[in-house]
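File shown: coords-v5.cif. Contents: mmCIF, C-alpha atoms.
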data_start
#
loop_
_atom_site.label_atom_id
_atom_site.label_comp_id
_atom_site.auth_asym_id
_atom_site.auth_seq_id
_atom_site.Cartn_x
_atom_site.Cartn_y
_atom_site.Cartn_z
CA MET A 1 -42.33 -12.25 -29.53
CA LYS A 2 -39.37 -12.11 -31.89
CA ILE A 3 -39.19 -8.32 -31.57
CA THR A 4 -39.00 -8.61 -27.77
CA PHE A 5 -35.92 -10.85 -27.98
CA GLU A 6 -34.31 -8.51 -30.49
CA ILE A 7 -34.89 -5.52 -28.19
CA LEU A 8 -33.52 -7.44 -25.19
CA GLY A 9 -30.49 -8.48 -27.26
CA ILE A 10 -29.82 -4.91 -28.34
CA LEU A 11 -30.15 -3.68 -24.73
CA LEU A 12 -27.74 -6.38 -23.58
CA VAL A 13 -25.17 -5.38 -26.23
CA VAL A 14 -25.53 -1.68 -25.34
CA LEU A 15 -25.09 -2.46 -21.64
CA ALA A 16 -21.99 -4.57 -22.32
CA ALA A 17 -20.50 -1.85 -24.54
CA TYR A 18 -21.18 0.83 -21.89
CA SER A 19 -19.62 -1.28 -19.12
CA GLY A 20 -16.53 -2.01 -21.19
CA THR A 21 -16.09 1.62 -22.18
CA MET A 22 -16.41 2.82 -18.58
CA TYR A 23 -13.89 0.19 -17.43
CA PHE A 24 -11.28 1.40 -19.92
CA ILE A 25 -11.94 5.07 -19.15
CA GLN A 26 -11.48 4.48 -15.42
CA ARG A 27 -8.37 2.41 -16.05
CA LYS A 28 -6.87 5.20 -18.17
CA ARG A 29 -7.66 7.78 -15.46
CA GLU A 30 -5.95 5.65 -12.82
CA GLN A 31 -2.86 5.10 -14.97
CA HIS A 32 -2.58 8.86 -15.55
CA ALA A 33 -2.96 9.52 -11.82
CA GLN A 34 -0.34 6.88 -10.96
CA ALA A 35 2.10 8.49 -13.38
CA GLU A 36 1.56 12.18 -12.58
CA GLY A 37 -0.56 12.46 -9.43
CA LEU A 38 0.39 13.58 -5.95
CA VAL A 39 1.33 10.66 -3.68
CA VAL A 40 0.69 11.10 0.05
CA TYR A 41 0.30 8.80 3.02
CA ALA A 42 -3.25 8.33 4.29
CA THR A 43 -4.26 7.12 7.73
CA LEU A 44 -6.82 4.32 7.93
CA VAL A 45 -9.79 5.50 9.99
CA SER A 46 -12.16 2.54 9.58
CA SER A 47 -12.87 -0.49 7.43
CA GLU A 48 -16.16 -2.35 7.15
CA PRO A 49 -17.66 -4.85 4.70
CA VAL A 50 -19.93 -3.60 1.93
CA LYS A 51 -23.45 -4.92 2.40
CA PHE A 52 -24.64 -4.94 -1.20
CA MET A 53 -25.64 -8.18 -2.91
CA ASN A 54 -23.13 -10.28 -0.92
CA SER A 55 -20.08 -8.51 -2.33
CA VAL A 56 -17.35 -10.97 -1.43
CA GLY A 57 -14.15 -9.25 -0.38
CA MET A 58 -15.49 -5.71 -0.95
CA ARG A 59 -14.77 -3.31 1.88
CA LYS A 60 -15.67 0.28 2.58
CA ILE A 61 -12.42 1.93 3.66
CA THR A 62 -12.38 5.38 5.27
CA LEU A 63 -9.05 7.22 5.03
CA SER A 64 -7.84 10.52 6.45
CA ILE A 65 -5.69 12.37 3.92
CA GLN A 66 -3.63 15.50 4.50
CA GLU A 67 -2.34 17.20 1.37
CA PRO A 68 0.56 19.65 1.66
CA ASP A 69 -0.59 23.10 2.79
CA SER A 70 -4.19 22.06 3.48
CA ALA A 71 -6.35 20.67 6.26
CA PRO A 72 -6.92 16.91 6.62
CA ARG A 73 -9.99 15.45 4.92
CA GLU A 74 -11.71 12.08 5.01
CA VAL A 75 -12.20 9.97 1.89
CA VAL A 76 -14.22 6.77 1.45
CA LEU A 77 -13.00 4.06 -0.95
CA ARG A 78 -14.68 0.83 -1.91
CA SER A 79 -12.16 -1.82 -2.84
CA ARG A 80 -11.61 -5.57 -2.89
CA VAL A 81 -9.37 -6.80 -0.10
CA ASP A 82 -7.79 -10.22 0.28
CA PRO A 83 -9.62 -12.23 2.97
CA GLY A 84 -6.38 -12.79 4.92
CA GLN A 85 -5.34 -9.13 4.89
CA LYS A 86 -5.92 -7.27 8.13
CA LEU A 87 -6.63 -3.57 8.02
CA THR A 88 -5.88 -1.98 11.37
CA THR A 89 -7.06 1.46 12.39
CA GLY A 90 -4.21 3.97 12.35
CA ALA A 91 -2.21 2.19 9.65
CA ARG A 92 -0.64 4.45 7.04
CA MET A 93 -0.78 3.62 3.35
CA PRO A 94 0.30 5.48 0.22
CA VAL A 95 -2.46 6.82 -2.02
CA VAL A 96 -2.44 8.80 -5.25
CA ILE A 97 -4.51 11.96 -5.71
CA ASP A 98 -5.65 12.54 -9.29
CA PRO A 99 -4.20 15.84 -10.60
CA LYS A 100 -7.27 16.60 -12.77
CA LYS A 101 -9.89 15.93 -10.10
CA PRO A 102 -8.59 15.85 -6.49
CA THR A 103 -11.67 13.98 -5.24
CA ARG A 104 -10.45 10.84 -7.04
CA ILE A 105 -8.14 8.79 -4.83
CA TYR A 106 -6.38 5.56 -5.84
CA PRO A 107 -4.16 3.15 -3.87
CA ALA A 108 -0.55 3.77 -4.90
CA THR A 109 1.48 1.22 -6.83
CA PRO A 110 5.01 0.45 -5.59
CA GLU A 111 6.47 2.60 -8.39
CA SER A 112 4.37 5.65 -7.60
CA ALA A 113 4.82 5.19 -3.82
CA LYS A 114 8.48 6.12 -4.28
CA ARG A 115 7.36 9.71 -5.00
CA ALA A 116 5.44 10.08 -1.74
CA VAL A 117 5.21 13.52 -0.17
CA LEU A 118 5.38 13.31 3.60
CA THR A 119 2.78 15.29 5.52
CA GLY A 120 1.74 15.42 9.16
CA SER A 121 3.62 16.22 12.32
CA ARG A 122 7.40 16.38 12.44
CA GLN A 123 7.57 13.12 14.40
CA GLU A 124 5.40 11.29 11.84
CA ARG A 125 7.47 12.63 8.93
CA ARG A 126 10.73 11.50 10.54
CA ALA A 127 9.36 8.01 11.22
CA MET A 128 8.14 7.72 7.62
CA GLN A 129 11.47 8.96 6.24
CA SER A 130 13.42 6.40 8.27
CA GLN A 131 11.15 3.63 6.97
CA MET A 132 11.53 4.84 3.39
CA ARG A 133 15.33 4.97 3.66
CA ASN A 134 15.66 1.51 5.19
CA PRO A 135 12.69 -0.68 4.21
CA ARG A 136 14.36 -3.80 5.64
CA LEU A 137 13.66 -2.48 9.14
CA ARG A 138 9.93 -2.96 8.51
CA GLU A 139 10.37 -6.54 7.27
CA ARG A 140 12.61 -7.76 10.08
CA PRO A 141 10.73 -9.67 12.80
CA ARG A 142 10.84 -8.05 16.23
CA THR A 143 12.50 -10.80 18.26
CA GLY A 144 15.09 -10.72 20.98
CA TYR A 145 17.57 -12.68 18.85
CA GLN A 146 20.98 -11.06 18.34
CA PRO A 147 23.41 -12.51 15.76
CA PRO A 148 26.88 -13.40 17.00
CA ALA A 149 29.34 -10.51 17.23
CA SER A 150 31.53 -11.93 14.44
CA LYS A 151 28.67 -11.64 11.93
CA LEU A 152 27.81 -8.05 12.81
CA ARG A 153 30.77 -6.69 10.85
#
What's the structure tokens form of this structure?
Amino acid sequence: MKITFEILGILLVVLAAYSGTMYFIQRKREQHAQAEGLVVYATLVSSEPVKFMNSVGMRKITLSIQEPDSAPREVVLRSRVDPGQKLTTGARMPVVIDPKKPTRIYPATPESAKRAVLTGSRQERRAMQSQMRNPRLRERPRTGYQPPASKLR
């Protein structure tokens, strides 16, 4: 009986060590990709909840990515999403492509998003460039209010 508990304890320690090691390896890969990877805008194709052991907040996100000088491809990510966040089909978001293994895709941090390479049609690239140059245009509410003429200058 004592040997059984020792074996279970050793298995538990090995499992914990493996999980911790994999966490730090994946974290290091993502940091390297954020620092040196290719940043492109991906289009959200679909988003649905993950149906595995009641994973709270986990979503399966399908993105369409077009790298420079290549055809578009679809990528599936599984990520935690805030319950109040709405993911709408057609939204564009920056993602980082790992330089060592292009099948690894990570959501871009604000620092790496500044290096985004614009792909797609000419109209899409121009719209993205105007948003990147003047980010306040995205934050301003779309109301009919006009400030007085004296404050415009």
Across A:Thr4, A:Thr21, A:Gln31, A:Thr43, the smallest distance to Thr89 (chain A), with only C-alpha atoms counted, is shown by A:Thr43
So which residues get picked by the PyMOL selection byres ((chain A and resi 112) around 12) here, written as a list in words?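 Residues picked by the PyMOL selection byres ((chain A and resi 112) around 12): Glu30, Gln31, His32, Ala33, Gln34, Ala35, Glu36, Gly37, Leu38, Val39, Val40, Tyr41, Pro94, Val95, Val96, Ile97, Tyr106, Pro107, Ala108, Thr109, Pro110, Glu111, Ala113, Lys114, Arg115, Ala116 and Val117 of chain A.
Checking A:Phe5, A:Val14, A:Leu44, A:Tyr23 one by one against Arg73 (chain A), counting only C-alpha atoms, you find the shortest gap at A:Leu44.
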Can you list, as a ChimeraX atom specification, every protein, DNA or RNA residue that comes within 7 Å of Lys60 (chain A) when you count all atoms listed in the file, leaving out same-chain residues fewer than 5 positions away? /A:47-50,76-79
Just write the chosen residues, C-alpha atoms, as a PDB file, keeping the file's coordinate frame.
ATOM      1  CA  SER A  47     -12.870  -0.490   7.430  1.00  0.00           C
ATOM      2  CA  GLU A  48     -16.160  -2.350   7.150  1.00  0.00           C
ATOM      3  CA  PRO A  49     -17.660  -4.850   4.700  1.00  0.00           C
ATOM      4  CA  VAL A  50     -19.930  -3.600   1.930  1.00  0.00           C
ATOM      5  CA  VAL A  76     -14.220   6.770   1.450  1.00  0.00           C
ATOM      6  CA  LEU A  77     -13.000   4.060  -0.950  1.00  0.00           C
ATOM      7  CA  ARG A  78     -14.680   0.830  -1.910  1.00  0.00           C
ATOM      8  CA  SER A  79     -12.160  -1.820  -2.840  1.00  0.00           C
TER       9      SER A  79
END
Identify all residues satisfying the PyMOL selection byres ((chain A and resi 65) around 7) in the given file; provide them as an MDAnalysis selection string. chainID A and resid 42:43 63:64 66:67 72:74
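Across the structure, CA of Pro83 (chain A) and CA of Arg59 (chain A) are spaced 10.4 Å apart.
For the atom pair formed by CA of Val75 (chain A) and CA of Ser46 (chain A), the distance is 10.7 Å, given to one decimal.
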Distance CA of Met93 (chain A)-CA of Arg29 (chain A), one decimal place?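 So the two atoms, CA of Met93 (chain A) and CA of Arg29 (chain A), lie 20.5 Å apart.
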